[in-house]
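Chemist: Encoded as structure tokens, here's the structure I'll be asking about.
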Amino acid sequence: MLRYRQMTFFAFFVSMLLFLSSCTAPASPGEPSATQEAAPVVTWYYYDQDNTDPEANERIGNFYLAETIPQFNEEFAGRYRWVNVPRDYNLVLDLVAAVQTNGDIPDVMRTGAVDLPTFLLNNTVQDLTDYVKGAAWYADLDPKAVEACTAPDGKIYCVPVSESPYLVYFWTEMYPDGFPTTTDAFLAKAAELKAADKYALTYWGSTAFDGEGAGRYFYQVISSFGGSYDDGQGNMRLNTPENIAAVEFMREIVANGYSPEAAFVGNFEEEASFKDGLAGAFPTGFYVGYQYLNPLKSPSGQEFNTISAQDMEDAVNAGVMGLVPIFAPEGGTPGCHMDVFGFVIPNGAKNVEGAKAYIDWIMQKDRAVQWVLRAGGGVPVASSVREDAAFQTEIFKQAAAALGASDCKPWYGSLNRIPEAKKIITETMFDLLKGNPNADIAAALAAAEAEYNSSN
Amino acid sequence: MGLWLFNGLLIGICAIVFFPIFSTLLLSIKEPQDVRRKPPVLLPCDTESAAFDPRNCRFSLDGYSRVLLLRPNPDSLFGASVTGRLFTQYVPNTLFYATFAAIVTTMLAGLAAYGLSRFRFRGRRLLLTLLLALSGVPLLTMLLALYQMNVRMRQMLPGYEERLFMVIVYVGFELPFAIWVVKGFFDTIPIELEEAAKIDGASPLGALARIVAPLAAPGLVSIFLLTYVNVWNEFIANYLLLGRSELRGAMYGIYEYISQSLSAYNALAAACILVILPVITIFLFTRQAFFRSMLEGAIKG
Amino acid sequence: MNQTQKPLRISVGRWLPFWVLLPAMLIIAAIQLYPTIYTILLSLQQIEPGTGRFVFVGVRNFERLLGSVAFVRSLVHTVVFLLGYVVLTLSASFAIALLLRQRLRFTPLYITLLFVPWVISDVVAGAVWRLFVVPDYGLFSPFFANPTLFGEPNGISILTTVPPNQFSPRIPLPPAPALLFLVVASAWKILPFTTLLILGALQTVAQEVQESARIDGASNLQLLRHIILPLIRPMLAVTLFYLILGGINGVGMVFSLTGGGPGTSTEVLSYLLYSIGFSKLDFGLAGALSVFIAMLNFGLIALTLRLSAAYEEH
């Protein structure tokens, strides 16, 4: 009897557990019998094919996936099936964690070259050298982009599809004579605008998103002054005359009130004053501005209100918006960070062949055009794709001209602990510009580089 | 005299405490052109001639329509359906987490508290202390391990459901406090009642179900509500443990609004109002239950 | 059958506590106990560069932690926040509880109204308070931008102003306006809870005790100090316990109100833990910081309990 009672209770408990687990069973992803022959190719994007919200932040990518996944599945019927798992912006960290714990690993992931050092440090992604060099599309690629995908050991770890230079978007109504090319001319013009109660520019000046600002405005200015963040050997080197000059210049902009307070708030608040036509210029990535800066209202009140990339194109075509390289000191070359977007294949991917077939599929000219326009961002890496009519519009012409006139390098150079580096750099820059505008620049830069280098 | 002073002070305090909610409500019904104004106005009632003209206040539901994104849908009951992500995805997720976590927590806390309240056994004190001590370990600490646990289980168990994991995590977080609260309620119920039931042939569990639980019903209801509201409001575990945003809850929806700063502050305000409305309603109708469990848990704990 | 029934029931009763406790304890063990132990082990390991494997490194993570600028900075932020939070909340809720104790006609209504912020989540509360101070457009921003009140040519802006360090470049003092603003917003959120606790305690102070003290000629202040405070001291300890736990571990409002900024001025320990563990992926260092935060929790709570016990003995 004693046993009996205990057993009933135990049986009840176990059946509860079984009941709970059976509830979850129907939710399992595979329908093994129906599609046994079509092996899944699992991708990770921060786009969601099922999100049909027409005002979603990533609507362009969402719609791209919704449209393209069925096309892939049709073409590869019986062989491969594209299964996209929508992720959020944390996907880099998630991939590292997934590979470390041998968890759910995608076969291929959209990523940027800027994440490569993080992946290499954690042994997250596969060496693709033989595959890339043997591919039909290899000869066509911009060597600079391939270089961005190449690790210090000389091996290629990502497949570049698009590249996006950093440049300056500006309202021509505020700069009727064109955007200044030298820093001195810019300061003069900014003083003029200030007198008229307008902001000359807005920029990413905050430490938001764990220091995402390191590669943006700060690097654009620093590299225009001939500076950099590293010594080429993997050490951080900030305390250089060029960097100090750049910081002094940026301090002047803040001290004189040439930029709005919102530049330092973060969470994309800095964009708003440019979109509203209150600030005259916005140094940022070509892709960022093209995809996300909408709707727009020019300083004179002209509105571009489709809430899509179309707004920027319309503004450029109407001549009220222009894209140019950032200013540089007299005789200098405008500096720029270049994002390179493409694919990685993680270690532990189950369907490597499928992943390669997927990449080859995307690399076909028409597919690549769509991917660059709607999922990758920027301009194509392959010259044949760049010739497509889609990239002959005014905005792409101006972007290409800006890219040609600038000296673009990845902001992180030889640094390999990217999350740590970008946090230290933005915190230091913010402190020098905003927190302690009278502090000794050289000392602060030296302290920051020492902090990073101490764990080398 | 003193009475007026006290009333006046309390009304003033209530007004201050309520102001953030009130101003958010006002912001949520502002017209887009009144949202980004320099200097800002609390009430958009100014005209070109007068600084304040109550007949000319401008209000609109623009913020709410941006959050709800109503689209015409002939199949729907009202001729339109909500397509905003907050309500098609995040709030339903939160409803799921909060409902199941509250049910399971109440049941398990009831059982465990019965054991701790009615029986004396070795290790009982230790157990009670341990439950209390766990509240000193920061939540974020546990998330590192739980994150890896989730990833590993997803890999090992076919048909593994992350939503269920999230519910169990919430149950685990809420249980220690809930057990303390329910135990406090059980302690106040005289044991003689059960003894009488036992003499009539009821088993201890039967006595729990038929005698103790109904008497402790107010306590069980309060712990249910408290858990419900806590899970509804939880953000960090939900955000960090679940990699995919389609599984996340309403608070992530709000965070998404902030971190992707819609310059439409009226939409953010409207989202805030819509998300707090259910819990405030629950609270207003059941406030006694809240006060009870709060006091009980705090004092005994 | 009937004859075997009686001993059986006793046996069932002997095992019953085990069975009723089992499900709850299993879940608590899995969700709270195991992760705690796991984190302690994690704090002694580090990821090997290149291979991505965990290797045992002893106390190196703790050395790295204690030597890092970010840790010292966040510790100072946490201390400042906690001090402000505890002092502001305790004094405000004590004052409000004293008012509520006067059983006025509308007291139940006041209580209900005052408690609404308590059911609002951290994230929403942070969003609401953030909207107040968005530069230019926030309702409070013209107030803070007033140069006569806040010095500086353009006044201050909560979300962007960071005062220069006065003492050492590594010690972030004086605190940034954003940190103080965070204190106010957090206090607003927790105020209902602490007020209710203190009100509950105040109501247990027997009316007669006060009456007799008053007859003995005690002033209001004396009454408060010598009669009421000692009587509600245990409850004050409980309140302090919750404030400390919430103050050290709460991070939702930092996320939505300031995101750790401007600069690093609201990066408290719990936010640093997020940033090390979930954005810098340094799991070993995050484990070490977790252990530190847990010790801080236990230390402060033990101190609180010790203080309240010591008072009771007197």
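Each chain of the structure tokens is named A, B, ... in the order shown, its residues numbered from 1; ligands are numbered from 1 in display order.
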Compile a residue-level contact table for chain B against chain A at a cut-off of 9 Å, reporting for every qualifying residue the shortest atom pair and its distance in Å to one decimal, with only C-alpha atoms counted, rows ordered by chain and ascending number, as a Markdown table.

Modeler:
```
| residue | atom | partner | partner_atom | distance |
| --- | --- | --- | --- | --- |
| B:Arg66 | CA | A:Glu55 | CA | 8.6 |
| B:Leu69 | CA | A:Asp53 | CA | 8.1 |
| B:Thr83 | CA | A:Asp53 | CA | 6.4 |
| B:Gly84 | CA | A:Asp53 | CA | 6.4 |
| B:Arg85 | CA | A:Asp53 | CA | 7.0 |
| B:Gln148 | CA | A:Thr101 | CA | 6.9 |
| B:Val151 | CA | A:Gly103 | CA | 5.3 |
| B:Arg152 | CA | A:Gly103 | CA | 5.7 |
| B:Met153 | CA | A:Gly103 | CA | 8.3 |
| B:Arg154 | CA | A:Gly103 | CA | 7.0 |
| B:Gln155 | CA | A:Gly103 | CA | 5.2 |
| B:Met156 | CA | A:Gly103 | CA | 8.5 |
| B:Pro158 | CA | A:Ser28 | CA | 7.0 |
| B:Gly159 | CA | A:Ser28 | CA | 4.2 |
| B:Tyr160 | CA | A:Thr24 | CA | 6.7 |
| B:Glu161 | CA | A:Thr24 | CA | 5.8 |
| B:Leu164 | CA | A:Thr24 | CA | 7.9 |
| B:Gly243 | CA | A:Arg87 | CA | 6.4 |
| B:Arg244 | CA | A:Arg87 | CA | 5.0 |
| B:Ser245 | CA | A:Asp88 | CA | 6.2 |
| B:Glu246 | CA | A:Pro86 | CA | 8.1 |
| B:Ile258 | CA | A:Asn267 | CA | 7.1 |
| B:Ser259 | CA | A:Asn267 | CA | 5.0 |
| B:Gln260 | CA | A:Asn267 | CA | 5.8 |
| B:Ser261 | CA | A:Asn267 | CA | 5.7 |
| B:Leu262 | CA | A:Glu269 | CA | 8.4 |
| B:Ser263 | CA | A:Ala272 | CA | 6.4 |
```

Chemist: Name the residues in contact with stretch 126-142 of chain B at a cut-off of 9 Å, using only C-alpha atoms, excluding same-chain residues fewer than 2 positions from it; report them as JSON, numbers by chain.

Modeler: {"B": [116, 122, 123, 124, 144, 145, 146, 147, 173, 175, 176, 177, 179, 180, 236, 237, 301], "C": [28, 31, 32, 33, 34, 35, 36, 38, 39, 245, 248, 249, 250, 251, 270, 273, 274, 286, 287, 289, 290, 291, 293, 294, 295, 297, 298, 301]}

Chemist: Return the single residue from B:Leu241, B:Asn233, B:Asp34, B:Ser28 that is closest to B:Asn150, with distances computed using only C-alpha atoms.

Modeler: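 Of the candidates, the smallest distance to B:Asn150 is held by B:Leu241.
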
Chemist: Wanna dump the chain A-chain C contacts at 6 Å for me, each residue with its shortest atom pair and the distance in Å to one decimal, counting only C-alpha atoms, ordered by chain and number, as JSON lines?

Modeler:
```
{"residue": "A:Leu121", "atom": "CA", "partner": "C:Gly50", "partner_atom": "CA", "distance": 4.8}
{"residue": "A:Asn122", "atom": "CA", "partner": "C:Gly52", "partner_atom": "CA", "distance": 4.2}
{"residue": "A:Asn123", "atom": "CA", "partner": "C:Thr51", "partner_atom": "CA", "distance": 5.3}
{"residue": "A:Thr207", "atom": "CA", "partner": "C:Gly263", "partner_atom": "CA", "distance": 5.5}
{"residue": "A:Phe264", "atom": "CA", "partner": "C:Thr160", "partner_atom": "CA", "distance": 5.7}
{"residue": "A:Val265", "atom": "CA", "partner": "C:Thr160", "partner_atom": "CA", "distance": 5.7}
{"residue": "A:Pro419", "atom": "CA", "partner": "C:Lys280", "partner_atom": "CA", "distance": 5.3}
{"residue": "A:Glu427", "atom": "CA", "partner": "C:Gly263", "partner_atom": "CA", "distance": 5.7}
{"residue": "A:Phe430", "atom": "CA", "partner": "C:Gly263", "partner_atom": "CA", "distance": 5.9}
{"residue": "A:Gly435", "atom": "CA", "partner": "C:Val162", "partner_atom": "CA", "distance": 4.6}
{"residue": "A:Asn436", "atom": "CA", "partner": "C:Pro164", "partner_atom": "CA", "distance": 4.7}
```

Chemist: For chain B, which residues have at least one atom within 7 Å of chain C, if we go by only C-alpha atoms? Write them as a VMD selection string, please.

Modeler: chain B and resid 6 14 17 20 24 36 to 42 108 to 109 111 to 112 115 119 136 to 138 141 to 142 145 to 146 169 172 229 233 235 to 236 251 254 to 255 258 272 276 279 to 280 295 298

Chemist: Please write the residues from the selection above to a file, keeping N, CA and C atoms, as a CSV table (one decimal), in the first residue's frame.

Modeler:
```csv
chain,number,residue,atom,x,y,z
B,6,PHE,N,-2.9,67.8,5.9
B,6,PHE,CA,-2.5,66.4,5.5
B,6,PHE,C,-3.1,66.0,4.2
B,14,CYS,N,0.5,62.6,-4.4
B,14,CYS,CA,-0.2,61.8,-5.5
B,14,CYS,C,0.0,62.4,-6.8
B,17,VAL,N,3.6,61.9,-7.9
B,17,VAL,CA,3.9,60.5,-8.3
B,17,VAL,C,3.2,60.1,-9.6
B,20,PRO,N,4.5,61.4,-14.1
B,20,PRO,CA,5.1,60.8,-15.2
B,20,PRO,C,4.1,60.0,-16.0
B,24,THR,N,3.0,61.0,-19.9
B,24,THR,CA,3.2,60.0,-21.0
B,24,THR,C,1.9,59.8,-21.7
B,36,ARG,N,7.8,66.9,-31.5
B,36,ARG,CA,9.1,67.4,-31.6
B,36,ARG,C,9.0,68.9,-31.7
B,37,ARG,N,8.8,69.5,-30.6
B,37,ARG,CA,8.7,71.0,-30.6
B,37,ARG,C,9.7,71.6,-29.6
B,38,LYS,N,10.2,72.7,-30.0
B,38,LYS,CA,11.2,73.4,-29.2
B,38,LYS,C,10.7,74.8,-28.8
B,39,PRO,N,10.4,75.1,-27.6
B,39,PRO,CA,10.4,74.3,-26.4
B,39,PRO,C,9.2,73.3,-26.4
B,40,PRO,N,9.3,72.2,-25.6
B,40,PRO,CA,8.2,71.3,-25.5
B,40,PRO,C,7.1,71.9,-24.8
B,41,VAL,N,5.9,71.4,-25.1
B,41,VAL,CA,4.7,71.8,-24.3
B,41,VAL,C,4.0,70.6,-23.7
B,42,LEU,N,3.4,70.8,-22.5
B,42,LEU,CA,2.7,69.7,-21.9
B,42,LEU,C,1.4,69.5,-22.6
B,108,LEU,N,3.1,24.8,-7.5
B,108,LEU,CA,4.3,24.3,-6.9
B,108,LEU,C,4.6,24.9,-5.6
B,109,ALA,N,4.4,26.3,-5.5
B,109,ALA,CA,4.6,26.9,-4.2
B,109,ALA,C,3.6,26.5,-3.2
B,111,LEU,N,2.2,23.4,-3.0
B,111,LEU,CA,2.7,22.1,-2.5
B,111,LEU,C,3.9,22.3,-1.6
B,112,ALA,N,4.9,23.0,-2.0
B,112,ALA,CA,6.1,23.1,-1.2
B,112,ALA,C,5.8,23.8,0.1
B,115,GLY,N,4.3,21.5,2.6
B,115,GLY,CA,5.3,20.6,3.2
B,115,GLY,C,6.1,21.4,4.3
B,119,PHE,N,4.9,20.1,8.2
B,119,PHE,CA,5.8,19.0,8.7
B,119,PHE,C,7.1,19.5,9.2
B,136,GLY,N,19.9,36.5,-2.8
B,136,GLY,CA,21.1,37.4,-2.8
B,136,GLY,C,22.0,37.2,-4.0
B,137,VAL,N,21.8,36.2,-4.8
B,137,VAL,CA,22.6,36.0,-5.9
B,137,VAL,C,22.0,36.8,-7.1
B,138,PRO,N,22.8,37.6,-7.7
B,138,PRO,CA,22.3,38.5,-8.8
B,138,PRO,C,21.7,37.7,-10.0
B,141,THR,N,23.9,36.9,-12.9
B,141,THR,CA,24.9,35.9,-12.7
B,141,THR,C,24.3,34.6,-13.3
B,142,MET,N,23.1,34.3,-13.0
B,142,MET,CA,22.5,33.0,-13.4
B,142,MET,C,22.3,33.0,-14.9
B,145,ALA,N,24.8,31.1,-17.1
B,145,ALA,CA,24.7,29.6,-17.1
B,145,ALA,C,23.4,29.2,-17.8
B,146,LEU,N,22.4,29.9,-17.5
B,146,LEU,CA,21.1,29.5,-18.1
B,146,LEU,C,21.1,29.7,-19.7
B,169,VAL,N,12.2,28.9,-16.3
B,169,VAL,CA,13.2,29.9,-15.7
B,169,VAL,C,12.4,30.9,-14.8
B,172,GLY,N,11.4,29.2,-11.7
B,172,GLY,CA,12.5,29.1,-10.8
B,172,GLY,C,12.8,30.4,-10.1
B,229,VAL,N,2.3,39.6,-12.6
B,229,VAL,CA,2.8,41.0,-12.9
B,229,VAL,C,4.3,41.0,-13.0
B,233,ASN,N,6.4,42.1,-16.4
B,233,ASN,CA,7.3,43.2,-16.4
B,233,ASN,C,8.8,42.8,-16.6
B,235,PHE,N,12.3,41.9,-18.1
B,235,PHE,CA,12.9,42.2,-19.3
B,235,PHE,C,14.2,41.4,-19.6
B,236,ILE,N,15.1,41.5,-18.6
B,236,ILE,CA,16.5,41.2,-18.9
B,236,ILE,C,16.7,39.7,-19.2
B,251,MET,N,8.2,43.7,-22.9
B,251,MET,CA,9.2,44.7,-22.5
B,251,MET,C,10.3,44.8,-23.5
B,254,ILE,N,9.2,47.3,-26.0
B,254,ILE,CA,9.4,48.7,-25.6
B,254,ILE,C,10.9,49.0,-25.8
B,255,TYR,N,11.8,48.1,-25.3
B,255,TYR,CA,13.2,48.4,-25.5
B,255,TYR,C,13.6,48.6,-26.9
B,258,ILE,N,12.9,52.0,-27.9
B,258,ILE,CA,13.8,53.0,-27.4
B,258,ILE,C,15.1,52.9,-28.1
B,272,CYS,N,4.1,52.4,-24.4
B,272,CYS,CA,4.2,52.3,-23.0
B,272,CYS,C,2.8,52.2,-22.3
B,276,ILE,N,1.3,49.0,-20.1
B,276,ILE,CA,1.1,49.0,-18.7
B,276,ILE,C,-0.4,48.9,-18.4
B,279,VAL,N,-1.6,45.6,-16.6
B,279,VAL,CA,-1.2,45.3,-15.2
B,279,VAL,C,-1.8,46.4,-14.3
B,280,ILE,N,-2.0,47.6,-14.8
B,280,ILE,CA,-2.6,48.6,-13.9
B,280,ILE,C,-4.1,48.2,-13.7
B,295,LEU,N,3.2,42.3,1.9
B,295,LEU,CA,3.5,42.4,3.3
B,295,LEU,C,3.9,41.1,3.8
B,298,ALA,N,7.4,40.0,2.6
B,298,ALA,CA,8.4,40.8,3.1
B,298,ALA,C,8.7,40.5,4.5
```

Chemist: Could you please determine the separation between atom CA of C:Leu90 and atom CA of C:Thr194 in Å, to one decimal place?

Modeler: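 Distance reported for this atom pair: 7.3 Å.
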
Chemist: Can you check which residues of stretch 205-243 of chain A DSSP gives as alpha helix (DSSP H) on the backbone and send them as a list in words?

Modeler: Ala208, Phe209, Asp210, Gly211, Tyr217, Phe218, Tyr219, Gln220, Val221, Ile222, Ser223, Ser224, Pro241, Glu242 and Asn243 of chain A

Chemist: Using DSSP on the backbone coordinates, identify all residues within stretch 46-199 of chain C classified as strand (DSSP E or B); present the result as a list in words.

Modeler: Gln46, Ile47, Phe54, Val55, Phe56, Ser168 and Ile171 of chain C

Chemist: Find the residues near A:Ala148: any atom within 12 Å, counting only C-alpha atoms, skip ones fewer than 3 places away on the same chain, and give them as a PyMOL selection string.

Modeler: chain A and resi 112-117+141-145+151-152+154-163+337-342+381+408-414

Chemist: How would the residues just picked look written out with N, CA and C atoms as an mmCIF file, in the first residue's frame?

Modeler:
```
data_model
loop_
_atom_site.group_PDB
_atom_site.id
_atom_site.type_symbol
_atom_site.label_atom_id
_atom_site.label_comp_id
_atom_site.auth_asym_id
_atom_site.auth_seq_id
_atom_site.Cartn_x
_atom_site.Cartn_y
_atom_site.Cartn_z
ATOM 1 N N GLY A 112 29.721 41.060 -41.271
ATOM 2 C CA GLY A 112 30.635 42.059 -41.790
ATOM 3 C C GLY A 112 32.068 41.668 -41.471
ATOM 4 N N ALA A 113 33.006 42.184 -42.272
ATOM 5 C CA ALA A 113 34.412 41.877 -42.026
ATOM 6 C C ALA A 113 34.848 42.363 -40.648
ATOM 7 N N VAL A 114 34.146 43.364 -40.105
ATOM 8 C CA VAL A 114 34.521 43.907 -38.808
ATOM 9 C C VAL A 114 34.372 42.859 -37.707
ATOM 10 N N ASP A 115 33.547 41.847 -37.940
ATOM 11 C CA ASP A 115 33.347 40.808 -36.930
ATOM 12 C C ASP A 115 34.378 39.690 -37.043
ATOM 13 N N LEU A 116 35.164 39.725 -38.114
ATOM 14 C CA LEU A 116 36.094 38.635 -38.355
ATOM 15 C C LEU A 116 37.091 38.425 -37.206
ATOM 16 N N PRO A 117 37.736 39.501 -36.701
ATOM 17 C CA PRO A 117 38.678 39.286 -35.598
ATOM 18 C C PRO A 117 38.033 38.575 -34.405
ATOM 19 N N LEU A 141 36.283 40.110 -58.003
ATOM 20 C CA LEU A 141 36.087 40.826 -56.734
ATOM 21 C C LEU A 141 37.099 41.958 -56.546
ATOM 22 N N ASP A 142 36.649 42.992 -55.865
ATOM 23 C CA ASP A 142 37.523 44.097 -55.479
ATOM 24 C C ASP A 142 38.573 43.554 -54.499
ATOM 25 N N PRO A 143 39.878 43.645 -54.871
ATOM 26 C CA PRO A 143 40.922 43.066 -54.007
ATOM 27 C C PRO A 143 40.895 43.628 -52.585
ATOM 28 N N LYS A 144 40.469 44.879 -52.462
ATOM 29 C CA LYS A 144 40.418 45.489 -51.115
ATOM 30 C C LYS A 144 39.430 44.760 -50.215
ATOM 31 N N ALA A 145 38.311 44.353 -50.827
ATOM 32 C CA ALA A 145 37.289 43.650 -50.054
ATOM 33 C C ALA A 145 37.781 42.258 -49.667
ATOM 34 N N ALA A 151 42.583 36.989 -42.969
ATOM 35 C CA ALA A 151 43.126 37.096 -41.619
ATOM 36 C C ALA A 151 44.619 37.368 -41.693
ATOM 37 N N PRO A 152 45.233 37.764 -40.572
ATOM 38 C CA PRO A 152 46.684 37.974 -40.570
ATOM 39 C C PRO A 152 47.458 36.743 -41.034
ATOM 40 N N GLY A 154 46.872 35.076 -43.557
ATOM 41 C CA GLY A 154 46.831 34.984 -45.012
ATOM 42 C C GLY A 154 45.670 34.170 -45.556
ATOM 43 N N LYS A 155 44.878 33.584 -44.672
ATOM 44 C CA LYS A 155 43.755 32.780 -45.149
ATOM 45 C C LYS A 155 42.489 33.631 -45.233
ATOM 46 N N ILE A 156 41.595 33.235 -46.153
ATOM 47 C CA ILE A 156 40.350 33.979 -46.349
ATOM 48 C C ILE A 156 39.245 33.316 -45.531
ATOM 49 N N TYR A 157 38.553 34.097 -44.695
ATOM 50 C CA TYR A 157 37.547 33.522 -43.811
ATOM 51 C C TYR A 157 36.131 33.985 -44.116
ATOM 52 N N CYS A 158 35.985 34.992 -44.990
ATOM 53 C CA CYS A 158 34.613 35.371 -45.331
ATOM 54 C C CYS A 158 34.527 35.676 -46.831
ATOM 55 N N VAL A 159 33.319 35.615 -47.334
ATOM 56 C CA VAL A 159 33.088 35.888 -48.746
ATOM 57 C C VAL A 159 32.490 37.287 -48.870
ATOM 58 N N PRO A 160 33.235 38.248 -49.439
ATOM 59 C CA PRO A 160 32.695 39.608 -49.525
ATOM 60 C C PRO A 160 31.691 39.720 -50.677
ATOM 61 N N VAL A 161 30.572 40.375 -50.417
ATOM 62 C CA VAL A 161 29.577 40.576 -51.475
ATOM 63 C C VAL A 161 29.362 42.066 -51.722
ATOM 64 N N SER A 162 29.352 42.846 -50.639
ATOM 65 C CA SER A 162 29.166 44.282 -50.833
ATOM 66 C C SER A 162 30.087 45.048 -49.905
ATOM 67 N N GLU A 163 30.314 46.292 -50.257
ATOM 68 C CA GLU A 163 31.154 47.142 -49.407
ATOM 69 C C GLU A 163 30.489 48.502 -49.296
ATOM 70 N N HIS A 337 36.290 54.653 -43.112
ATOM 71 C CA HIS A 337 36.251 53.239 -42.768
ATOM 72 C C HIS A 337 35.354 52.574 -43.796
ATOM 73 N N MET A 338 35.716 51.368 -44.192
ATOM 74 C CA MET A 338 34.850 50.689 -45.141
ATOM 75 C C MET A 338 34.311 49.410 -44.531
ATOM 76 N N ASP A 339 32.981 49.315 -44.484
ATOM 77 C CA ASP A 339 32.336 48.069 -44.074
ATOM 78 C C ASP A 339 32.356 47.119 -45.254
ATOM 79 N N VAL A 340 32.642 45.855 -44.991
ATOM 80 C CA VAL A 340 32.523 44.844 -46.034
ATOM 81 C C VAL A 340 31.523 43.807 -45.535
ATOM 82 N N PHE A 341 30.483 43.574 -46.314
ATOM 83 C CA PHE A 341 29.451 42.619 -45.889
ATOM 84 C C PHE A 341 29.511 41.377 -46.766
ATOM 85 N N GLY A 342 29.228 40.261 -46.157
ATOM 86 C CA GLY A 342 29.263 39.019 -46.912
ATOM 87 C C GLY A 342 28.864 37.851 -46.041
ATOM 88 N N VAL A 381 30.810 44.238 -54.541
ATOM 89 C CA VAL A 381 32.245 44.028 -54.535
ATOM 90 C C VAL A 381 32.710 43.569 -55.923
ATOM 91 N N CYS A 408 40.106 54.485 -47.900
ATOM 92 C CA CYS A 408 39.299 53.661 -46.987
ATOM 93 C C CYS A 408 40.081 52.481 -46.440
ATOM 94 N N LYS A 409 40.048 52.347 -45.127
ATOM 95 C CA LYS A 409 40.696 51.224 -44.448
ATOM 96 C C LYS A 409 39.770 50.776 -43.322
ATOM 97 N N PRO A 410 39.824 49.499 -42.932
ATOM 98 C CA PRO A 410 39.013 49.102 -41.780
ATOM 99 C C PRO A 410 39.495 49.842 -40.524
ATOM 100 N N TRP A 411 38.552 50.350 -39.727
ATOM 101 C CA TRP A 411 38.964 51.178 -38.594
ATOM 102 C C TRP A 411 39.802 50.413 -37.586
ATOM 103 N N TYR A 412 39.562 49.084 -37.469
ATOM 104 C CA TYR A 412 40.210 48.321 -36.395
ATOM 105 C C TYR A 412 41.640 47.935 -36.745
ATOM 106 N N GLY A 413 42.018 48.117 -38.022
ATOM 107 C CA GLY A 413 43.395 47.815 -38.409
ATOM 108 C C GLY A 413 43.827 46.440 -37.951
ATOM 109 N N SER A 414 44.874 46.377 -37.143
ATOM 110 C CA SER A 414 45.382 45.076 -36.698
ATOM 111 C C SER A 414 44.849 44.689 -35.325
#
```

Chemist: By how many Å are atom CA of A:Leu432 and atom CA of A:Trp171 apart?

Modeler: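 Taking atom CA of A:Leu432 and atom CA of A:Trp171, their separation equals 28.5 Å.
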
Chemist: Suppose you want the space between atom CA of B:Leu9 and atom CA of C:His226; what is it in Å?

Modeler: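 Value for the atom CA of B:Leu9-atom CA of C:His226 distance: 25.5 Å.
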
Chemist: Go through B:Ser81, B:Asn56, B:Gln33, B:Thr99 one by one, measure the shortest atom-to-atom distance of each to B:Trp232 using only C-alpha atoms, and give the residue with the smallest value.

Modeler: B:Thr99

Chemist: Could you give me, as a list in words, the residues within 9 Å of B:Ala213, counting only C-alpha atoms and dropping anything in the same chain fewer than 6 positions from it?

Modeler: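 Once the adjacent positions are removed, what remains is Gly110, Phe186, Ala207 and Leu220 of chain B.
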
Chemist: Write the selection just made, keeping C-alpha atoms, as a tab-separated table (two decimals), in the first residue's frame?

Modeler:
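Contents of the output file out_9.tsv:
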```
chain	number	residue	atom	x	y	z
B	110	GLY	CA	1.37	25.69	-2.70
B	186	PHE	CA	-0.61	28.35	5.59
B	207	ALA	CA	-6.84	17.84	3.35
B	220	LEU	CA	-2.75	31.74	-3.45
```

Chemist: So, counting only C-alpha atoms, which residue among A:Ile60, A:Ala281, A:Val372, A:Ala185 is closest to A:Pro329?

Modeler: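 Under the stated criterion, the closest residue is A:Ala185.
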